[in-house]
$ cat entry36.cif   # mmCIF, C-alpha atoms
data_input
#
loop_
_atom_site.label_atom_id
_atom_site.label_comp_id
_atom_site.auth_asym_id
_atom_site.auth_seq_id
_atom_site.Cartn_x
_atom_site.Cartn_y
_atom_site.Cartn_z
CA MET R 972 22.36 18.66 3.22
CA SER R 973 21.90 14.93 3.14
CA ALA R 974 18.61 13.17 2.54
CA GLY R 975 18.45 12.07 6.16
CA THR R 976 18.76 15.64 7.43
CA ALA R 977 16.10 16.83 5.00
CA GLU R 978 13.80 14.09 6.21
CA PHE R 979 14.48 15.04 9.82
CA ILE R 980 13.69 18.72 9.21
CA GLY R 981 10.57 17.85 7.24
CA PHE R 982 9.39 15.46 9.91
CA VAL R 983 9.96 17.95 12.72
CA ILE R 984 7.95 20.57 10.86
CA LEU R 985 5.15 18.43 9.48
CA ALA R 986 4.48 16.01 12.34
CA PRO R 987 3.10 18.75 14.65
CA VAL R 988 1.16 20.19 11.72
CA SER R 989 -0.52 16.88 11.03
CA VAL R 990 -1.31 16.25 14.69
CA LEU R 991 -2.70 19.76 15.14
CA ALA R 992 -4.79 19.40 11.98
CA ALA R 993 -6.21 16.13 13.26
CA LEU R 994 -7.00 17.65 16.65
CA GLY R 995 -8.60 20.64 14.96
CA MET R 996 -10.69 18.32 12.84
CA VAL R 997 -12.06 16.55 15.90
CA PHE R 998 -12.72 19.64 17.98
CA ASN R 999 -14.02 22.05 15.36
CA ARG R 1000 -17.73 22.81 15.50
CA ASN R 1001 -18.05 23.58 11.79
CA ALA R 1002 -17.97 20.41 9.70
CA VAL R 1003 -16.56 22.19 6.65
CA TYR R 1004 -13.54 23.37 8.64
CA SER R 1005 -13.14 19.80 9.83
CA ALA R 1006 -13.05 18.59 6.24
CA LEU R 1007 -10.46 21.18 5.22
CA LEU R 1008 -8.25 20.37 8.22
CA LEU R 1009 -8.48 16.71 7.25
CA VAL R 1010 -7.17 17.68 3.79
CA VAL R 1011 -4.19 19.37 5.49
CA ASN R 1012 -3.57 16.17 7.41
CA PHE R 1013 -3.72 14.10 4.22
CA PHE R 1014 -1.17 16.34 2.53
CA CYS R 1015 1.20 15.97 5.48
CA LEU R 1016 0.82 12.21 5.28
CA ALA R 1017 1.58 12.32 1.54
CA VAL R 1018 4.86 14.08 2.33
CA PHE R 1019 5.66 11.40 4.93
CA PHE R 1020 5.01 8.76 2.27
CA LEU R 1021 7.50 10.54 0.01
CA PHE R 1022 10.09 10.50 2.81
CA GLN R 1023 9.63 6.76 3.08
CA GLN R 1024 10.16 6.02 -0.60
CA ALA R 1025 6.50 5.42 -1.37
CA GLN R 1026 6.20 7.83 -4.26
CA PHE R 1027 3.30 6.05 -5.92
CA LEU R 1028 1.27 6.00 -2.72
CA ALA R 1029 2.00 9.68 -2.11
CA ALA R 1030 0.50 10.51 -5.49
CA VAL R 1031 -2.47 8.21 -4.84
CA GLN R 1032 -2.95 9.82 -1.44
CA VAL R 1033 -3.21 13.29 -2.94
CA ILE R 1034 -5.35 12.28 -5.91
CA VAL R 1035 -7.72 9.81 -4.26
CA TYR R 1036 -7.92 11.01 -0.66
CA ALA R 1037 -7.35 14.74 -0.78
CA GLY R 1038 -9.03 14.95 -4.17
CA ALA R 1039 -11.85 12.50 -4.71
CA ILE R 1040 -12.87 11.40 -1.22
CA MET R 1041 -12.79 14.84 0.36
CA VAL R 1042 -14.78 16.30 -2.54
CA LEU R 1043 -17.37 13.60 -1.87
CA PHE R 1044 -17.45 14.56 1.81
CA LEU R 1045 -17.87 18.23 1.01
CA PHE R 1046 -20.61 17.41 -1.50
CA VAL R 1047 -22.63 15.55 1.11
CA LEU R 1048 -21.98 18.27 3.69
CA MET R 1049 -23.33 20.91 1.35
CA LEU R 1050 -26.25 18.71 0.34
CA LEU R 1051 -27.40 18.10 3.91
CA GLY R 1052 -26.95 21.67 5.09
CA VAL R 1053 -23.72 23.30 6.13
CA GLU R 1054 -24.69 25.55 8.99
CA ARG R 1055 -26.46 22.95 11.03
CA GLN R 1056 -25.50 22.35 14.59
CA GLU R 1057 -24.55 19.15 16.19
CA ILE R 1058 -26.74 17.64 18.88
CA LEU R 1059 -24.65 17.96 22.01
CA ARG R 1060 -26.88 15.90 24.26
CA GLU R 1061 -25.06 12.75 25.32
CA THR R 1062 -26.94 9.53 24.65
CA ILE R 1063 -24.79 7.71 27.18
CA ARG R 1064 -24.10 9.75 30.27
CA GLY R 1065 -20.47 10.81 30.56
CA GLN R 1066 -19.61 9.37 27.18
CA ARG R 1067 -17.37 12.24 26.14
CA ALA R 1068 -15.10 12.20 29.17
CA LEU R 1069 -14.96 8.42 29.14
CA ALA R 1070 -14.06 8.39 25.43
CA ALA R 1071 -11.27 10.93 25.90
CA GLY R 1072 -9.84 8.98 28.83
CA LEU R 1073 -9.99 5.66 27.05
CA SER R 1074 -8.34 7.00 23.92
CA LEU R 1075 -5.54 8.51 25.98
CA LEU R 1076 -5.13 5.11 27.61
CA LEU R 1077 -4.97 3.47 24.19
CA LEU R 1078 -2.37 6.02 23.09
CA ALA R 1079 -0.24 5.31 26.15
CA GLY R 1080 -0.45 1.58 25.50
CA VAL R 1081 0.53 1.81 21.85
CA ILE R 1082 3.39 4.21 22.54
CA ALA R 1083 4.64 1.92 25.29
CA ALA R 1084 4.58 -0.98 22.84
CA VAL R 1085 6.54 0.99 20.23
CA ALA R 1086 9.03 2.29 22.79
CA ALA R 1087 9.58 -1.19 24.20
CA GLY R 1088 11.46 -1.98 21.02
CA VAL R 1089 9.10 -4.54 19.61
CA PHE R 1090 10.02 -3.29 16.17
CA PRO R 1091 13.64 -3.03 14.99
CA ALA R 1092 14.94 0.49 15.15
CA ASP R 1093 17.09 0.22 12.04
CA LYS R 1094 15.46 -0.05 8.67
CA ALA R 1095 16.48 -2.27 5.78
CA GLY R 1096 15.56 0.44 3.31
CA LEU R 1097 13.83 0.15 -0.01
CA ALA R 1098 16.79 0.88 -2.30
CA ALA R 1099 16.90 -2.66 -3.66
CA ALA R 1100 13.15 -3.10 -3.98
CA ASN R 1101 12.73 0.29 -5.60
CA ALA R 1102 15.60 -0.24 -8.04
CA PRO R 1103 13.43 -0.21 -11.20
CA GLY R 1104 11.46 2.72 -9.80
CA ASN R 1105 8.74 2.69 -7.17
CA VAL R 1106 5.80 2.79 -9.57
CA GLN R 1107 7.25 0.02 -11.71
CA ALA R 1108 8.00 -2.17 -8.70
CA VAL R 1109 4.57 -1.67 -7.14
CA GLY R 1110 2.87 -2.30 -10.48
CA ARG R 1111 4.84 -5.47 -11.03
CA LEU R 1112 3.82 -6.78 -7.59
CA LEU R 1113 0.19 -5.78 -8.12
CA PHE R 1114 -0.07 -7.66 -11.39
CA THR R 1115 1.81 -10.76 -10.34
CA ARG R 1116 1.69 -11.76 -6.70
CA TYR R 1117 -1.39 -9.75 -5.76
CA MET R 1118 -3.33 -10.27 -8.98
CA LEU R 1119 -6.30 -11.99 -7.32
CA ALA R 1120 -6.63 -9.31 -4.63
CA PHE R 1121 -6.39 -6.64 -7.29
CA GLU R 1122 -9.23 -8.19 -9.29
CA ALA R 1123 -11.27 -8.55 -6.10
CA THR R 1124 -10.90 -4.85 -5.35
CA GLY R 1125 -12.17 -4.15 -8.88
CA VAL R 1126 -15.30 -6.16 -8.10
CA LEU R 1127 -15.55 -4.40 -4.72
CA LEU R 1128 -15.51 -0.98 -6.37
CA LEU R 1129 -18.18 -2.08 -8.85
CA VAL R 1130 -20.41 -3.38 -6.07
CA ALA R 1131 -19.87 -0.19 -4.07
CA GLY R 1132 -20.85 1.94 -7.06
CA VAL R 1133 -24.02 -0.06 -7.70
CA GLY R 1134 -24.84 -0.01 -4.00
CA ALA R 1135 -24.47 3.74 -3.81
CA LEU R 1136 -26.78 4.03 -6.83
CA VAL R 1137 -29.42 1.88 -5.12
CA LEU R 1138 -29.08 3.80 -1.85
CA GLY R 1139 -29.39 7.13 -3.60
CA LYS R 1140 -32.40 6.23 -5.71
CA ARG R 1141 -35.83 7.41 -4.69
CA TRP R 1142 -38.41 4.66 -4.42
CA PRO R 1143 -41.79 6.36 -4.90
CA ASP R 1144 -43.87 3.19 -4.41
CA LEU R 1145 -42.23 2.45 -1.09
CA ALA R 1146 -42.64 5.99 0.21
CA GLU R 1147 -46.35 6.14 -0.73
CA GLU R 1148 -47.02 2.79 0.85
CA GLU R 1149 -45.37 3.74 4.14
CA GLU R 1150 -47.06 7.09 4.29
CA ALA R 1151 -50.44 5.46 3.63
CA GLN R 1152 -49.76 3.13 6.53
CA ALA R 1153 -48.72 5.91 8.85
CA GLY R 1154 -51.68 8.06 7.88
CA VAL R 1155 -49.46 11.00 7.02
CA PRO R 1156 -50.29 12.79 3.78
CA ALA R 1157 -47.76 11.95 1.14
CA GLU R 1158 -45.25 14.62 0.43
CA PRO R 1159 -45.01 15.35 -3.27
CA GLU R 1160 -41.75 14.75 -5.07
CA ARG R 1161 -39.49 17.78 -4.91
CA ALA R 1162 -41.75 19.55 -2.48
CA PRO R 1163 -41.40 23.27 -3.06
CA ASP R 1164 -40.91 25.13 0.13
CA THR R 1165 -43.10 27.99 1.17
CA GLY R 1166 -41.64 31.23 0.06
CA PRO R 1167 -40.52 34.02 2.32
CA ALA R 1168 -42.74 34.42 5.33
CA GLY R 1169 -44.62 37.43 3.98
CA THR R 1170 -45.86 35.94 0.72
CA ASP R 1171 -49.04 33.93 0.75
CA ILE R 1172 -48.62 30.91 -1.46
CA PRO R 1173 -51.24 28.17 -1.26
CA PRO R 1174 -49.77 24.89 -0.05
CA VAL R 1175 -49.25 22.34 -2.76
CA GLU R 1176 -51.79 19.53 -2.81
CA PRO R 1177 -50.28 16.13 -2.19
CA VAL R 1178 -50.51 13.92 -5.26
CA ALA R 1179 -50.84 10.57 -3.57
CA GLU R 1180 -53.31 8.60 -5.70
CA THR R 1181 -54.50 10.88 -8.49
CA ASP R 1182 -52.33 11.73 -11.44
CA THR R 1183 -53.14 15.43 -11.51
CA PRO R 1184 -50.08 17.46 -12.31
CA VAL R 1185 -48.47 19.41 -9.53
CA PRO R 1186 -49.54 23.05 -9.75
CA ALA R 1187 -46.74 25.31 -10.74
CA THR R 1188 -45.40 27.39 -7.92
CA PRO R 1189 -44.56 31.00 -8.56
CA ALA R 1190 -42.14 31.26 -5.68
CA PRO R 1191 -38.46 30.57 -6.24
CA VAL R 1192 -37.94 26.96 -5.35
CA LYS R 1193 -35.65 26.82 -2.40
CA GLU R 1194 -33.79 23.87 -1.09
CA PRO R 1195 -36.00 22.64 1.75
CA ASP R 1196 -33.20 22.29 4.26
CA GLY R 1197 -31.10 25.23 3.40
CA ASP R 1198 -33.32 28.02 4.63
CA LYS R 1199 -34.04 29.15 8.11
CA GLN R 1200 -37.60 30.35 7.67
CA PRO R 1201 -39.65 29.54 10.74
CA ALA R 1202 -42.57 28.11 8.72
CA PRO R 1203 -41.63 24.54 7.77
CA VAL R 1204 -43.82 23.03 5.11
CA GLY R 1205 -44.22 19.65 6.79
CA GLU R 1206 -45.69 21.19 9.88
CA ALA R 1207 -48.09 23.47 8.05
CA ARG R 1208 -49.66 20.57 6.30
CA GLN R 1209 -50.64 18.58 9.35
CA MET M 247 20.25 13.11 12.02
CA THR M 248 17.77 10.66 10.65
CA VAL M 249 14.22 9.71 11.43
CA GLY M 250 13.84 6.12 12.52
CA PRO M 251 10.70 4.06 11.97
CA ASN M 252 9.74 4.48 15.61
CA ALA M 253 9.04 8.18 15.06
CA TYR M 254 6.62 7.34 12.27
CA LEU M 255 5.01 4.61 14.35
CA ILE M 256 4.46 6.97 17.28
CA LEU M 257 3.04 9.65 14.99
CA SER M 258 0.75 7.02 13.50
CA ALA M 259 -0.38 5.97 16.98
CA VAL M 260 -1.14 9.57 17.92
CA LEU M 261 -3.20 10.13 14.78
CA PHE M 262 -5.04 6.85 15.26
CA CYS M 263 -5.97 7.71 18.84
CA ILE M 264 -7.18 11.15 17.79
CA GLY M 265 -9.40 9.36 15.27
CA VAL M 266 -10.71 6.98 17.93
CA ALA M 267 -11.50 9.89 20.24
CA GLY M 268 -13.28 11.68 17.40
CA VAL M 269 -15.44 8.68 16.56
CA LEU M 270 -16.46 8.32 20.19
CA ILE M 271 -16.95 12.01 20.95
CA ARG M 272 -18.53 13.59 17.89
CA ARG M 273 -22.24 13.22 17.14
CA ASN M 274 -22.28 14.51 13.56
CA ALA M 275 -22.38 11.47 11.31
CA ILE M 276 -20.22 12.98 8.59
CA VAL M 277 -17.50 14.06 11.02
CA VAL M 278 -17.52 10.57 12.51
CA PHE M 279 -16.83 9.27 9.01
CA MET M 280 -13.95 11.71 8.63
CA CYS M 281 -12.46 10.39 11.86
CA VAL M 282 -12.67 6.86 10.48
CA GLU M 283 -10.72 8.07 7.45
CA LEU M 284 -8.11 9.56 9.77
CA MET M 285 -7.71 6.20 11.51
CA LEU M 286 -7.29 4.40 8.20
CA ASN M 287 -4.64 6.90 7.14
CA ALA M 288 -2.74 6.50 10.38
CA VAL M 289 -2.62 2.76 9.77
CA ASN M 290 -1.41 3.40 6.21
CA LEU M 291 1.46 5.46 7.60
CA SER M 292 2.54 2.67 9.91
CA LEU M 293 2.22 0.08 7.11
CA ILE M 294 4.54 2.11 4.94
CA ALA M 295 6.99 2.49 7.82
CA PHE M 296 6.94 -1.29 8.24
CA ALA M 297 7.59 -1.73 4.52
CA GLN M 298 10.71 0.37 4.89
CA VAL M 299 11.86 -1.57 7.94
CA ARG M 300 11.37 -4.85 6.17
CA GLY M 301 12.90 -3.79 2.87
CA GLY M 302 10.01 -5.04 0.73
CA LEU M 303 7.12 -3.41 -1.03
CA ASP M 304 4.37 -5.65 0.36
CA GLY M 305 3.45 -3.11 3.03
CA GLN M 306 2.95 -0.50 0.36
CA ILE M 307 0.69 -2.87 -1.58
CA LEU M 308 -1.38 -3.52 1.53
CA SER M 309 -1.64 0.21 2.10
CA PHE M 310 -2.84 0.61 -1.48
CA PHE M 311 -5.60 -1.93 -0.88
CA VAL M 312 -6.57 -0.12 2.31
CA MET M 313 -7.01 3.05 0.26
CA VAL M 314 -9.21 1.26 -2.29
CA VAL M 315 -11.40 -0.26 0.41
CA ALA M 316 -11.61 3.11 2.16
CA ALA M 317 -12.85 4.70 -1.06
CA ALA M 318 -15.57 2.07 -1.43
CA GLU M 319 -16.48 2.45 2.24
CA VAL M 320 -16.84 6.20 1.95
CA VAL M 321 -19.15 5.86 -1.05
CA ILE M 322 -21.45 3.45 0.75
CA GLY M 323 -21.31 5.29 4.07
CA LEU M 324 -22.20 8.65 2.62
CA GLY M 325 -24.96 6.97 0.59
CA ILE M 326 -26.40 5.54 3.80
CA ILE M 327 -26.21 8.94 5.53
CA VAL M 328 -28.07 10.60 2.66
CA ALA M 329 -30.65 7.80 2.58
CA ILE M 330 -31.28 8.14 6.33
CA PHE M 331 -31.58 11.89 5.94
CA ARG M 332 -34.19 11.44 3.23
CA ARG M 333 -36.26 8.83 5.00
CA ARG M 334 -37.26 11.08 7.85
CA THR M 335 -40.94 11.80 8.21
CA PRO M 336 -42.15 15.33 7.49
CA ALA M 337 -42.60 15.99 11.22
CA GLU M 338 -39.05 14.92 12.01
CA ARG M 339 -37.75 16.96 9.12
CA ALA M 340 -39.59 20.04 10.33
CA ALA M 341 -38.25 19.60 13.85
CA ALA M 342 -34.70 19.21 12.56
CA ARG M 343 -35.06 22.31 10.44
CA ARG M 344 -36.56 24.36 13.26
CA GLU M 345 -33.67 23.57 15.56
CA ASN M 346 -31.15 23.60 12.69
CA LEU M 347 -29.74 20.20 13.55
CA ALA M 348 -27.08 18.31 11.68
CA THR M 349 -27.18 14.62 10.81
CA ASN M 350 -26.97 12.81 14.10
CA ILE M 351 -25.15 9.54 14.48
CA ASP M 352 -28.06 8.23 16.56
CA ASP M 353 -30.21 8.31 13.42
CA VAL M 354 -28.39 5.15 12.40
CA ASN M 355 -30.88 3.43 14.71
CA VAL M 356 -33.41 3.47 11.87
CA LEU M 357 -31.27 0.79 10.21
CA LYS M 358 -32.50 -1.63 12.86
CA GLY M 359 -35.30 -3.74 11.43
#
$ encode --input "entry36.cif" --output "structure tokens"
Amino acid sequence: MSAGTAEFIGFVILAPVSVLAALGMVFNRNAVYSALLLVVNFFCLAVFFLFQQAQFLAAVQVIVYAGAIMVLFLFVLMLLGVERQEILRETIRGQRALAAGLSLLLLAGVIAAVAAGVFPADKAGLAAANAPGNVQAVGRLLFTRYMLAFEATGVLLLVAGVGALVLGKRWPDLAEEEEAQAGVPAEPERAPDTGPAGTDIPPVEPVAETDTPVPATPAPVKEPDGDKQPAPVGEARQ
Amino acid sequence: MTVGPNAYLILSAVLFCIGVAGVLIRRNAIVVFMCVELMLNAVNLSLIAFAQVRGGLDGQILSFFVMVVAAAEVVIGLGIIVAIFRRRTPAERAAARRENLATNIDDVNVLKG
């Protein structure tokens, strides 16, 4: 079996899988299933990269995309609550039907452009460029012709890391100031939720201006957004 | 039997359009981000197909840079989603918990000054 036939068989099997995984990602109600279907799609794309002599990028695709980025997505999904439902009310009337129609139109346009033969149907192949090995060739290009861009992406990653740190930090002064303006009692840091509905736990006093320590709560501290008790703490305090 | 570059380009177009539809249709902010990732990956696939057509590795390098920028973008985007989620007032938080609502893409409106 030649390499071309193997590629053909692999493409025929994996192209529908990747398209179905992408469709499932868009139309699945549960966001965790969406994330896992996206991982399936990324793996299919990694195999396509292998077929096209991009071995280094296939490895990067699996490690960075299917590994790091999707773990980050799942982390945030779990942090913000998994079993929450999407708001299905349309902000713009008829947006969903319009969006589906327009994307089908876009698909028809792009496929027409590809089928019109704008791009050459025969490929030059990467045998010459990949002669020292794909990783070696890509590395040589990265550190010679694309050196400046490579350094710039290093700076970009540093800035992104610092920015994420700033975005994720809690600013207690800012929160107190805004809540004082709005006249809403300040919510204490790490507000413990009320326990199960039967137990009677006194609500925690807000510690806005005094430095009195927060009274210890006997109830098991639950994640405020993870439970479905009908007595939310923010409402009880008003 | 071989697979020409056109097959990869059409597959890439299909995946990209699915991503576009997802961004426009879904209201959950995290799923919208996933659809953006899908679009970026579809473009990577076509870049690598172009690299093979052209016989040089520059398309692969560009695809590599797209991956790096996508990683940075995901970090910042998810940070913004978490920050928006945290900045809700207690009343809004209680309402969202009572109705068990996910992060809505319309919450991005709080970024307006």
$ interface_residues --input "entry36.cif" --of "chain M" --to "chain R" --cutoff "7 Å" --atoms "only C-alpha atoms" --output "VMD selection string"
chain M and resid 247 to 252 256 259 to 261 263 to 264 266 to 268 270 to 271 273 to 274 277 295 298 to 303 307 310 317 to 318 321 to 322 325 to 326 329 336 to 337 340 343 to 344 346 to 348 350
$ atom_distance --input "entry36.cif" --atom1 "CA of Leu257 (chain M)" --atom2 "CA of Leu324 (chain M)"
28.1 Å
$ closest_residue --input "entry36.cif" --among "M:Arg333, M:Gly265, M:Tyr254, M:Val320" --to "Ser292 (chain M)" --atoms "only C-alpha atoms"
M:Tyr254
$ atom_distance --input "entry36.cif" --atom1 "CA of Leu255 (chain M)" --atom2 "CA of Ala275 (chain M)"
28.4 Å
$ atom_distance --input "entry36.cif" --atom1 "CA of Ala288 (chain M)" --atom2 "CA of Leu357 (chain M)"
29.1 Å
